[in-house]
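Participant: model-v8.txt (compact mmCIF, C-alpha atoms and all ligand atoms) pasted underneath:
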```
# COMPACT_ATOMS: atom_id res chain seq x y z
CA MET A 1 24.20 -11.06 -11.61
CA SER A 2 21.70 -13.47 -10.02
CA ASN A 3 24.45 -16.08 -9.49
CA ARG A 4 26.56 -13.57 -7.58
CA ALA A 5 23.49 -12.55 -5.58
CA ARG A 6 22.68 -16.15 -4.65
CA TRP A 7 26.06 -16.55 -3.03
CA VAL A 8 25.31 -13.86 -0.51
CA MET A 9 21.51 -13.66 -0.18
CA PRO A 10 18.82 -16.35 0.09
CA MET A 11 17.09 -16.51 -3.33
CA GLY A 12 19.48 -13.75 -4.39
CA ASN A 13 17.64 -10.76 -3.00
CA THR A 14 16.46 -8.99 0.11
CA ARG A 15 12.72 -8.52 -0.52
CA SER A 16 10.26 -11.38 -0.70
CA SER A 17 7.98 -9.23 -2.86
CA ALA A 18 10.77 -8.54 -5.38
CA PHE A 19 11.50 -12.17 -6.18
CA THR A 20 10.47 -13.66 -9.50
CA ALA A 21 11.40 -17.09 -10.83
CA PRO A 22 13.93 -18.02 -12.02
CA HIS A 23 15.47 -14.74 -10.82
CA PRO A 24 14.41 -11.10 -10.60
CA ILE A 25 15.48 -8.51 -13.15
CA TYR A 26 18.32 -6.48 -11.63
CA LEU A 27 17.95 -2.79 -12.40
CA ALA A 28 20.79 -0.37 -13.00
CA SER A 29 19.09 3.03 -13.28
CA GLY A 30 15.88 4.99 -13.69
CA ASP A 31 15.00 8.24 -15.45
CA GLY A 32 11.54 9.78 -15.45
CA ALA A 33 8.98 7.13 -16.36
CA HIS A 34 11.62 4.54 -17.35
CA VAL A 35 14.06 2.08 -15.78
CA THR A 36 17.03 0.31 -17.35
CA ASP A 37 18.25 -3.13 -16.32
CA VAL A 38 21.84 -4.31 -15.93
CA ASP A 39 21.76 -5.68 -19.50
CA GLY A 40 20.76 -2.29 -20.91
CA ASN A 41 17.06 -3.10 -21.55
CA ARG A 42 14.76 -0.13 -21.01
CA TYR A 43 11.24 -0.42 -19.59
CA LEU A 44 8.28 1.90 -19.06
CA ASP A 45 7.93 1.56 -15.29
CA PHE A 46 4.48 1.15 -13.76
CA GLN A 47 5.94 -0.54 -10.68
CA ASN A 48 7.34 2.72 -9.32
CA ASN A 49 8.76 0.84 -6.36
CA PHE A 50 5.40 -0.61 -5.37
CA THR A 51 3.69 2.76 -5.87
CA ALA A 52 6.10 4.80 -3.68
CA LEU A 53 7.59 6.81 -6.56
CA ILE A 54 4.84 9.21 -7.51
CA HIS A 55 7.33 11.20 -9.65
CA GLY A 56 9.03 8.19 -11.19
CA HIS A 57 12.82 8.43 -11.24
CA GLY A 58 15.20 11.37 -10.96
CA HIS A 59 12.65 14.14 -10.39
CA SER A 60 14.68 17.35 -10.59
CA SER A 61 13.51 19.05 -7.40
CA VAL A 62 13.88 15.83 -5.37
CA SER A 63 17.41 15.32 -6.75
CA GLU A 64 18.34 18.95 -6.08
CA ALA A 65 17.04 18.79 -2.50
CA LEU A 66 19.08 15.64 -1.89
CA CYS A 67 22.23 17.16 -3.43
CA ARG A 68 21.85 20.22 -1.19
CA GLN A 69 21.47 17.99 1.87
CA VAL A 70 24.32 15.51 1.20
CA PRO A 71 27.22 17.82 2.13
CA ILE A 72 25.49 19.24 5.19
CA GLY A 73 24.36 16.08 6.96
CA LEU A 74 22.86 12.68 6.25
CA SER A 75 21.55 11.89 9.72
CA PHE A 76 21.87 13.25 13.22
CA ALA A 77 20.95 12.18 16.74
CA ASN A 78 19.16 15.50 17.17
CA PRO A 79 16.02 16.68 15.41
CA THR A 80 16.39 19.01 12.44
CA LYS A 81 14.32 21.69 10.74
CA THR A 82 13.75 19.31 7.82
CA GLU A 83 11.31 17.19 9.81
CA ILE A 84 9.34 20.25 10.92
CA ASP A 85 9.08 21.35 7.28
CA LEU A 86 7.64 18.03 6.12
CA ALA A 87 5.37 17.63 9.17
CA GLU A 88 3.98 21.14 8.58
CA LEU A 89 3.34 20.38 4.91
CA LEU A 90 1.46 17.16 5.70
CA CYS A 91 -0.52 18.51 8.66
CA GLY A 92 -1.41 21.49 6.48
CA ARG A 93 -3.09 19.19 3.96
CA VAL A 94 -5.19 16.91 6.15
CA SER A 95 -7.53 18.60 8.59
CA HIS A 96 -7.53 15.71 11.09
CA PHE A 97 -3.72 15.64 11.27
CA GLU A 98 -2.90 17.87 14.23
CA HIS A 99 0.26 16.05 15.25
CA LEU A 100 2.45 13.65 13.35
CA ARG A 101 5.44 11.41 13.98
CA PHE A 102 7.75 9.93 11.37
CA THR A 103 8.86 6.31 11.12
CA ASN A 104 11.23 4.59 8.71
CA THR A 105 8.69 2.41 6.91
CA GLY A 106 4.98 1.89 6.48
CA SER A 107 5.16 -1.33 8.50
CA GLU A 108 6.62 0.60 11.40
CA ALA A 109 3.90 3.24 11.06
CA VAL A 110 1.19 0.54 11.29
CA MET A 111 3.03 -0.99 14.25
CA MET A 112 3.17 2.34 16.10
CA ALA A 113 -0.52 3.00 15.38
CA ILE A 114 -1.48 -0.39 16.84
CA LYS A 115 0.77 0.11 19.87
CA ALA A 116 -0.80 3.53 20.41
CA ALA A 117 -4.30 2.02 20.29
CA ARG A 118 -3.34 -0.73 22.69
CA ALA A 119 -1.75 1.72 25.11
CA LEU A 120 -4.68 4.14 25.01
CA THR A 121 -7.34 1.47 25.49
CA GLY A 122 -5.43 -0.95 27.70
CA ARG A 123 -6.67 -3.76 25.41
CA THR A 124 -4.84 -6.21 23.17
CA LEU A 125 -7.21 -7.34 20.41
CA ILE A 126 -7.19 -5.73 16.99
CA ALA A 127 -9.47 -6.31 14.00
CA LYS A 128 -8.32 -6.18 10.37
CA CYS A 129 -9.95 -6.90 7.04
CA GLU A 130 -9.50 -10.25 5.36
CA GLY A 131 -7.06 -9.98 2.43
CA ALA A 132 -5.62 -6.62 3.47
CA TYR A 133 -1.83 -6.29 3.66
CA HIS A 134 -0.50 -3.91 6.29
CA GLY A 135 3.23 -4.71 6.24
CA CYS A 136 5.43 -6.80 8.54
CA TYR A 137 4.24 -6.66 12.14
CA ASP A 138 3.10 -9.86 13.83
CA PRO A 139 -0.48 -9.08 14.85
CA ILE A 140 -1.40 -7.73 11.45
CA GLU A 141 0.16 -10.56 9.42
CA VAL A 142 -2.97 -12.69 9.33
CA ASN A 143 -5.39 -13.58 6.53
CA VAL A 144 -3.53 -11.76 3.79
CA SER A 145 -3.53 -14.56 1.22
CA ALA A 146 -5.16 -17.43 3.13
CA PRO A 147 -8.23 -19.15 1.65
CA PRO A 148 -11.38 -17.04 2.10
CA ILE A 149 -13.00 -17.35 5.51
CA ASP A 150 -16.23 -19.28 5.85
CA TRP A 151 -18.02 -16.61 7.86
CA GLU A 152 -20.66 -19.11 9.01
CA ASP A 153 -18.04 -21.38 10.46
CA ASP A 154 -14.49 -20.91 11.84
CA ARG A 155 -13.61 -17.23 11.74
CA ARG A 156 -10.30 -17.53 13.58
CA ALA A 157 -7.30 -15.77 12.11
CA THR A 158 -4.93 -17.68 9.83
CA LEU A 159 -1.27 -16.83 10.28
CA GLN A 160 0.26 -15.50 7.09
CA HIS A 161 3.77 -16.88 7.57
CA ASP A 162 5.89 -19.26 9.59
CA GLY A 163 7.73 -17.51 12.38
CA LEU A 164 4.70 -15.80 13.87
CA PRO A 165 3.77 -16.71 17.44
CA THR A 166 0.57 -18.76 17.52
CA THR A 167 -0.75 -16.31 20.12
CA VAL A 168 -1.31 -13.92 17.21
CA ARG A 169 -4.33 -16.02 16.27
CA ASP A 170 -5.95 -14.98 19.54
CA GLN A 171 -5.00 -11.32 19.20
CA THR A 172 -6.37 -10.52 15.76
CA ILE A 173 -9.96 -10.70 14.60
CA PRO A 174 -10.41 -10.91 10.81
CA ILE A 175 -13.37 -8.94 9.47
CA ALA A 176 -15.03 -8.87 6.02
CA PHE A 177 -14.06 -5.76 4.00
CA ASN A 178 -17.11 -3.74 2.89
CA ASP A 179 -19.55 -6.25 4.45
CA ILE A 180 -21.26 -4.66 7.45
CA GLU A 181 -23.33 -7.67 8.47
CA LYS A 182 -20.44 -10.16 8.52
CA THR A 183 -18.15 -7.65 10.20
CA GLU A 184 -20.69 -6.86 12.90
CA ARG A 185 -21.12 -10.57 13.59
CA ALA A 186 -17.34 -11.14 13.73
CA LEU A 187 -16.88 -8.23 16.14
CA SER A 188 -19.88 -8.96 18.32
CA ALA A 189 -18.17 -11.69 20.33
CA TYR A 190 -15.39 -9.36 21.44
CA GLY A 191 -17.11 -5.99 21.97
CA SER A 192 -15.12 -3.92 24.38
CA GLU A 193 -12.02 -6.15 24.22
CA ILE A 194 -10.98 -4.66 20.87
CA SER A 195 -8.39 -1.89 20.94
CA ALA A 196 -8.60 -0.88 17.27
CA ILE A 197 -9.97 -1.69 13.86
CA VAL A 198 -7.39 -1.25 11.10
CA VAL A 199 -8.81 -0.47 7.67
CA ASP A 200 -7.08 0.35 4.40
CA PRO A 201 -9.34 2.59 2.29
CA LEU A 202 -8.01 0.92 -0.90
CA PRO A 203 -6.57 -2.47 0.07
CA SER A 204 -4.41 -3.69 -2.79
CA ARG A 205 -4.26 -7.38 -1.97
CA ALA A 206 -7.98 -7.46 -1.15
CA GLY A 207 -8.70 -6.30 -4.70
CA LEU A 208 -7.72 -2.60 -4.89
CA ILE A 209 -11.38 -1.72 -4.29
CA CYS A 210 -12.38 1.46 -2.44
CA VAL A 211 -13.87 1.16 1.01
CA SER A 212 -17.59 1.92 0.80
CA PRO A 213 -18.78 5.06 2.61
CA ASP A 214 -21.38 2.97 4.49
CA TYR A 215 -18.80 0.46 5.68
CA LEU A 216 -16.45 3.19 6.80
CA ALA A 217 -19.28 4.95 8.64
CA PHE A 218 -20.18 1.64 10.30
CA LEU A 219 -16.56 1.11 11.45
CA ARG A 220 -16.50 4.66 12.83
CA ARG A 221 -19.78 4.10 14.71
CA TRP A 222 -18.69 0.73 16.03
CA THR A 223 -15.29 1.89 17.26
CA SER A 224 -16.76 5.00 18.91
CA ALA A 225 -19.48 2.96 20.60
CA HIS A 226 -16.92 0.51 21.97
CA ALA A 227 -14.27 3.11 22.89
CA ALA A 228 -11.88 1.52 20.38
CA LEU A 229 -9.72 3.40 17.86
CA LEU A 230 -10.18 3.50 14.11
CA ILE A 231 -6.85 3.25 12.29
CA SER A 232 -6.69 4.13 8.61
CA ASP A 233 -3.74 2.50 6.85
CA GLU A 234 -2.98 4.87 3.97
CA VAL A 235 0.58 3.72 3.37
CA LEU A 236 -0.42 3.03 -0.22
CA SER A 237 -3.65 4.99 -0.54
CA PHE A 238 -2.28 8.36 0.61
CA ARG A 239 -1.44 8.53 -3.12
CA LEU A 240 -5.13 8.93 -3.95
CA ALA A 241 -5.50 12.65 -3.34
CA TYR A 242 -3.99 15.90 -2.05
CA ALA A 243 -5.34 15.13 1.44
CA GLY A 244 -4.78 11.36 1.27
CA ALA A 245 -7.54 8.77 1.08
CA LEU A 246 -9.87 9.97 3.84
CA GLY A 247 -8.64 13.53 4.34
CA ASP A 248 -11.49 15.24 2.53
CA GLY A 249 -14.25 12.90 3.67
CA PRO A 250 -16.67 13.02 6.58
CA ILE A 251 -15.09 10.11 8.50
CA ARG A 252 -12.12 10.92 10.68
CA PRO A 253 -9.95 8.02 11.77
CA ASP A 254 -8.26 8.34 15.16
CA ILE A 255 -4.86 7.51 13.72
CA THR A 256 -3.62 7.39 10.14
CA ALA A 257 -0.57 5.32 9.24
CA PHE A 258 0.96 6.37 5.94
CA GLY A 259 4.22 6.40 4.01
CA LYS A 260 5.56 5.58 0.51
CA ILE A 261 5.02 8.76 -1.58
CA ILE A 262 5.76 11.13 1.32
CA GLY A 263 9.45 10.09 1.26
CA GLY A 264 10.10 11.13 -2.34
CA GLY A 265 11.65 7.69 -2.95
CA LEU A 266 13.53 7.34 0.32
CA PRO A 267 12.52 5.19 3.32
CA ILE A 268 9.69 6.71 5.34
CA GLY A 269 6.46 6.20 7.21
CA ALA A 270 4.37 8.34 9.53
CA VAL A 271 1.53 8.24 12.02
CA ALA A 272 -0.79 11.19 12.47
CA GLY A 273 -3.94 12.13 14.33
CA SER A 274 -5.40 14.54 16.84
CA ALA A 275 -3.01 16.16 19.31
CA ASP A 276 -4.82 14.32 22.10
CA VAL A 277 -4.35 10.84 20.59
CA MET A 278 -0.80 11.55 19.42
CA ARG A 279 0.16 12.65 22.94
CA VAL A 280 0.56 8.93 23.64
CA PHE A 281 4.03 9.25 22.06
CA ALA A 282 5.06 12.00 24.50
CA PRO A 283 6.57 10.74 27.76
CA SER A 284 4.13 11.38 30.57
CA SER A 285 3.77 10.22 34.14
CA ASP A 286 -0.02 10.36 34.20
CA ARG A 287 -1.01 9.02 30.79
CA PRO A 288 -0.25 5.90 28.74
CA HIS A 289 2.99 6.30 26.84
CA VAL A 290 4.35 4.41 23.82
CA ALA A 291 8.12 4.60 23.38
CA HIS A 292 9.04 5.29 19.80
CA SER A 293 12.58 5.84 18.58
CA GLY A 294 14.78 4.72 15.69
CA THR A 295 18.30 5.60 14.59
CA PHE A 296 17.21 6.82 11.17
CA THR A 297 13.77 8.16 12.04
CA ALA A 298 13.17 11.57 10.41
CA ASN A 299 16.62 11.51 8.83
CA PRO A 300 17.09 14.71 6.81
CA MET A 301 17.55 12.89 3.50
CA SER A 302 14.07 11.31 3.64
CA MET A 303 12.64 14.57 4.96
CA VAL A 304 13.99 16.82 2.19
CA ALA A 305 13.20 14.31 -0.55
CA GLY A 306 9.68 13.93 0.82
CA HIS A 307 9.18 17.66 1.11
CA ALA A 308 10.30 18.26 -2.49
CA ALA A 309 8.15 15.42 -3.82
CA MET A 310 5.03 16.44 -1.92
CA SER A 311 5.47 20.15 -2.74
CA ALA A 312 5.38 19.22 -6.42
CA MET A 313 2.13 17.31 -5.83
CA THR A 314 -0.26 20.24 -6.05
CA GLU A 315 -4.02 19.68 -6.19
CA ASN A 316 -3.87 20.19 -9.97
CA GLU A 317 -1.11 17.62 -10.31
CA PHE A 318 -3.14 15.07 -8.36
CA THR A 319 -6.07 15.76 -10.70
CA ARG A 320 -3.91 15.33 -13.83
CA LEU A 321 -2.31 12.15 -12.50
CA ASN A 322 -5.61 10.64 -11.43
CA GLU A 323 -7.09 11.35 -14.87
CA LEU A 324 -4.20 9.42 -16.42
CA GLY A 325 -4.95 6.62 -13.93
CA ALA A 326 -8.61 6.55 -15.01
CA ASP A 327 -7.50 6.45 -18.66
CA ALA A 328 -5.16 3.55 -17.88
CA ARG A 329 -7.92 1.55 -16.20
CA SER A 330 -10.36 2.07 -19.03
CA ALA A 331 -7.74 1.31 -21.72
CA LEU A 332 -6.78 -1.92 -19.95
CA ARG A 333 -10.46 -2.94 -19.70
CA GLY A 334 -10.82 -2.18 -23.40
CA ALA A 335 -7.88 -4.47 -24.18
CA LEU A 336 -9.41 -7.33 -22.18
CA GLN A 337 -12.62 -6.89 -24.14
CA SER A 338 -11.01 -6.73 -27.52
CA VAL A 339 -8.98 -9.90 -26.91
CA GLY A 340 -12.03 -11.61 -25.37
CA VAL A 341 -10.34 -12.84 -22.22
CA THR A 342 -12.05 -13.01 -18.83
CA GLY A 343 -10.47 -10.48 -16.56
CA ALA A 344 -11.03 -7.37 -14.49
CA VAL A 345 -9.26 -4.12 -13.81
CA THR A 346 -9.75 -2.40 -10.46
CA GLY A 347 -8.22 0.63 -8.77
CA ALA A 348 -8.70 4.32 -8.15
CA GLY A 349 -6.70 7.51 -8.54
CA SER A 350 -3.36 6.74 -10.17
CA LEU A 351 -3.49 3.02 -9.32
CA PHE A 352 -4.68 -0.03 -11.22
CA ARG A 353 -4.70 -3.76 -10.67
CA ILE A 354 -5.25 -6.44 -13.29
CA PHE A 355 -6.98 -9.75 -12.54
CA LEU A 356 -7.38 -12.72 -14.85
CA GLY A 357 -9.99 -15.46 -14.69
CA VAL A 358 -12.78 -13.42 -13.04
CA ALA A 359 -15.03 -10.93 -14.79
CA GLU A 360 -15.54 -8.84 -11.66
CA VAL A 361 -13.66 -8.28 -8.43
CA SER A 362 -15.85 -7.09 -5.60
CA GLY A 363 -14.03 -8.58 -2.65
CA TYR A 364 -11.29 -10.85 -1.39
CA ALA A 365 -13.07 -14.07 -2.42
CA ASP A 366 -12.90 -12.89 -6.06
CA VAL A 367 -9.19 -12.08 -5.69
CA PHE A 368 -8.61 -15.58 -4.41
CA ARG A 369 -10.64 -17.10 -7.23
CA ALA A 370 -8.92 -15.00 -9.87
CA GLY A 371 -6.80 -16.64 -12.57
CA SER A 372 -3.89 -18.78 -11.50
CA ALA A 373 -0.66 -17.05 -10.56
CA SER A 374 0.98 -18.76 -13.52
CA ALA A 375 -1.33 -17.05 -16.05
CA LEU A 376 -0.78 -13.64 -14.47
CA GLY A 377 2.96 -14.33 -14.15
CA ALA A 378 3.12 -15.24 -17.84
CA LEU A 379 1.25 -12.06 -18.74
CA VAL A 380 3.53 -9.86 -16.61
CA ARG A 381 6.58 -11.49 -18.21
CA ALA A 382 5.16 -11.04 -21.71
CA MET A 383 4.64 -7.33 -20.94
CA GLN A 384 8.17 -7.10 -19.58
CA ASP A 385 9.53 -8.69 -22.75
CA ARG A 386 7.80 -5.85 -24.62
CA GLY A 387 9.30 -3.16 -22.41
CA VAL A 388 6.55 -2.43 -19.86
CA MET A 389 6.85 -3.29 -16.17
CA ILE A 390 3.97 -3.84 -13.76
CA SER A 391 4.24 -5.73 -10.46
CA GLN A 392 4.00 -9.50 -10.26
CA VAL A 393 0.49 -9.27 -8.78
CA GLY A 394 -0.73 -7.06 -11.64
CA LEU A 395 -0.52 -3.82 -9.64
CA GLY A 396 0.52 -0.65 -11.43
CA ALA A 397 0.96 3.02 -10.58
CA VAL A 398 1.03 5.98 -12.94
CA SER A 399 3.78 8.55 -12.23
CA THR A 400 3.90 12.29 -12.97
CA PRO A 401 6.43 12.11 -15.84
CA MET A 402 3.94 9.93 -17.76
CA ARG A 403 1.88 11.34 -20.59
CA PRO A 404 -1.14 9.98 -22.55
CA ASP A 405 1.27 8.26 -24.98
CA ASP A 406 2.62 6.18 -22.12
CA ILE A 407 -0.90 5.04 -21.24
CA ASN A 408 -1.49 4.13 -24.90
CA ARG A 409 1.71 2.10 -24.85
CA LEU A 410 0.66 0.32 -21.64
CA ALA A 411 -2.66 -0.67 -23.24
CA ALA A 412 -1.09 -1.75 -26.54
CA VAL A 413 1.55 -3.89 -24.82
CA PHE A 414 -1.06 -5.36 -22.46
CA GLU A 415 -3.25 -6.31 -25.42
CA GLU A 416 -0.34 -7.87 -27.29
CA ALA A 417 0.75 -9.79 -24.19
CA LEU A 418 -2.82 -11.01 -23.62
CA ARG A 419 -2.95 -12.32 -27.18
CA THR A 420 0.36 -14.13 -26.76
CA VAL A 421 -0.57 -15.68 -23.45
CA SER A 422 -4.11 -16.57 -24.51
CA VAL A 423 -2.73 -18.37 -27.58
CA SER A 424 -0.69 -20.49 -25.17
CA GLY A 425 -4.03 -21.61 -23.64
CA ARG A 426 -3.36 -20.21 -20.19
CA LEU A 427 -6.20 -17.69 -20.17
CA ALA A 428 -9.90 -18.38 -19.94
CA PRO A 429 -11.91 -16.96 -22.85
CA ASP A 430 -14.53 -14.39 -21.89
CA THR A 431 -17.87 -16.17 -21.52
CA THR A 432 -19.81 -13.30 -20.02
CA PRO A 433 -22.87 -12.47 -22.12
C1 LIG B 501 -1.35 -0.71 2.93
C2 LIG B 501 0.07 -0.97 3.32
N1 LIG B 501 0.42 -0.92 4.61
C3 LIG B 501 1.70 -1.11 5.01
C4 LIG B 501 2.68 -1.39 4.10
C5 LIG B 501 4.09 -1.59 4.57
O1 LIG B 501 4.88 -0.50 4.20
P1 LIG B 501 6.46 -0.66 4.05
O2 LIG B 501 6.72 -1.58 2.89
O3 LIG B 501 6.97 0.73 3.82
O4 LIG B 501 6.93 -1.24 5.34
C6 LIG B 501 2.37 -1.45 2.73
C7 LIG B 501 3.40 -1.76 1.73
O5 LIG B 501 3.17 -2.04 0.60
C8 LIG B 501 1.03 -1.23 2.34
O6 LIG B 501 0.67 -1.29 1.04
```
Starting from the file, give its structure as structure tokens.

Facilitator:
Amino acid sequence: MSNRARWVMPMGNTRSSAFTAPHPIYLASGDGAHVTDVDGNRYLDFQNNFTALIHGHGHSSVSEALCRQVPIGLSFANPTKTEIDLAELLCGRVSHFEHLRFTNTGSEAVMMAIKAARALTGRTLIAKCEGAYHGCYDPIEVNVSAPPIDWEDDRRATLQHDGLPTTVRDQTIPIAFNDIEKTERALSAYGSEISAIVVDPLPSRAGLICVSPDYLAFLRRWTSAHAALLISDEVLSFRLAYAGALGDGPIRPDITAFGKIIGGGLPIGAVAGSADVMRVFAPSSDRPHVAHSGTFTANPMSMVAGHAAMSAMTENEFTRLNELGADARSALRGALQSVGVTGAVTGAGSLFRIFLGVAEVSGYADVFRAGSASALGALVRAMQDRGVMISQVGLGAVSTPMRPDDINRLAAVFEEALRTVSVSGRLAPDTTP
């Protein structure tokens, strides 16, 4: 399979994040909490398409909604009732969502949120947290996996990839996640030149650690004082609760970019906020206007799948799922302890992330210091060989078809894989007292 793929695609696939050496596992199908590869091997799936599949695979009401929609229309140039249905459901859950607009991906949602902030403020600069990933849009692709910033010295942005214009370095100000003092210092030089601060309430690549209430309150105060916008990127963290990551809290972002679970497994993204802010997307002769289109935006397939998936996510179902997530995190920590390997497990809600080589992860510097990619890669492969899939970076997501037995299996396989990999000498023994 991978040989065929290499003839037609660089490295044999279409997603940088899906590549694993020497080649990725090609999947054939999924059912409930499991996936099956092209060789017939079955795995318990904690990847869930990088957390997007909150119901795992083949959820009956999502499948039925899609089957009903297929014969009556896949996509149209005109709007349909399906997008009103999903927009109503989402605005009905989050009190600060008055108006909403769909996009095709989370990256596009973040892009539209930044464009909105720039249009509304007439400014170019944005600030984003070191280590946070916000998708593929030039100004936000800085300091995702670069070496930690020396906050006393050069705080300029580091471009994440080749292909980005060097001007991006002058457009984006990196700030220190959950560190008010360093962030205030980094922002102080720019004051009223900043259009928006983008914050992910649970940034996966920065450690899958929750934003602290004090930090969030500081960002809200700072943006309000400087007439800048606060953008909450909940593409991943909308999974945390019925009303998303910040929906039930006291801090209201100006714009929320979200996606993943709201598409029921199909491509989607969305931006939402107050009617006043969101009016920037409505053509107007006397106000700033951001053009936003897209051939497949709000296509009925994504809309009906999303509506079915989100309807099934009642408040009780979020509670049940998040309890399973908490059980998974504590079982994984228990396994690290019983094998005696230095490591940490972070996360919240139905999400977990495993780190090796550090006993605690409290920020991006710890993520960077964490065990070598080769140790984690070996661990992920050893788990895969035993029929459990988590992502290459140690990220996992619990899905609704999972039951306590599945969490027990995750922990047992993790422990067995740790023992195998630690015997090979690739893991540091736990030296914490
Ligand atoms: C926080 C965050 N923002 C944005 C994105 C980009 O979303 P998409 O992959 O749908 O473009 C992701 C994807 O993982 C994400 O986790």

Participant: For ligand LIG 501 (chain B), list the contacting residues at 8 Å or closer, counting all atoms listed in the file, as a list in words.

Facilitator: Phe50, Asn104, Thr105, Gly106, Ser107, Glu108, Ala109, Val110, Ala132, Tyr133, His134, Gly135, Cys136, Asp200, Leu202, Pro203, Ser204, Asp233, Glu234, Val235, Leu236, Ser237, Ala257, Phe258, Gly259, Lys260, Pro267, Ile268 and Gly269 of chain A

Participant: Which residue, A:Asn408, A:Ser63, A:Thr158, A:Ser2, has the smallest gap to A:Ala331 when you use only C-alpha atoms?

Facilitator: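 Checking each candidate against A:Ala331, we get A:Asn408 as the closest.
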
Participant: Name all residues at most 9 Å from stretch 210-213 of chain A (count all atoms listed in the file; drop same-chain ones fewer than 2 positions away) and give them as a short mmCIF file (atom, residue, chain, number, x, y, z; two decimals) with C-alpha atoms, keeping the file's coordinate frame.

Facilitator:
```cif
data_model
loop_
_atom_site.label_atom_id
_atom_site.label_comp_id
_atom_site.auth_asym_id
_atom_site.auth_seq_id
_atom_site.Cartn_x
_atom_site.Cartn_y
_atom_site.Cartn_z
CA PHE A 177 -14.06 -5.76 4.00
CA ASN A 178 -17.11 -3.74 2.89
CA VAL A 199 -8.81 -0.47 7.67
CA ASP A 200 -7.08 0.35 4.40
CA PRO A 201 -9.34 2.59 2.29
CA LEU A 202 -8.01 0.92 -0.90
CA PRO A 203 -6.57 -2.47 0.07
CA GLY A 207 -8.70 -6.30 -4.70
CA LEU A 208 -7.72 -2.60 -4.89
CA TYR A 215 -18.80 0.46 5.68
CA LEU A 216 -16.45 3.19 6.80
CA ALA A 217 -19.28 4.95 8.64
CA PHE A 218 -20.18 1.64 10.30
CA ILE A 251 -15.09 10.11 8.50
CA GLY A 347 -8.22 0.63 -8.77
CA ALA A 348 -8.70 4.32 -8.15
#
```

Participant: For A:Ala113, which of A:Trp151, A:Phe19, A:Tyr190, A:Phe281 is the closest residue, counting all atoms listed in the file?

Facilitator: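 The closest residue to A:Ala113 is A:Phe281.
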
Participant: When you count all atoms listed in the file, which of these residues is closest to A:Leu86: A:His59, A:His307, A:Arg6, A:Arg386?

Facilitator: A:His307

Participant: Calculate how many Å separate atom CA of A:Asp153 from atom CA of A:Pro165, rounding to one decimal.

Facilitator: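 The value is 23.4 Å.
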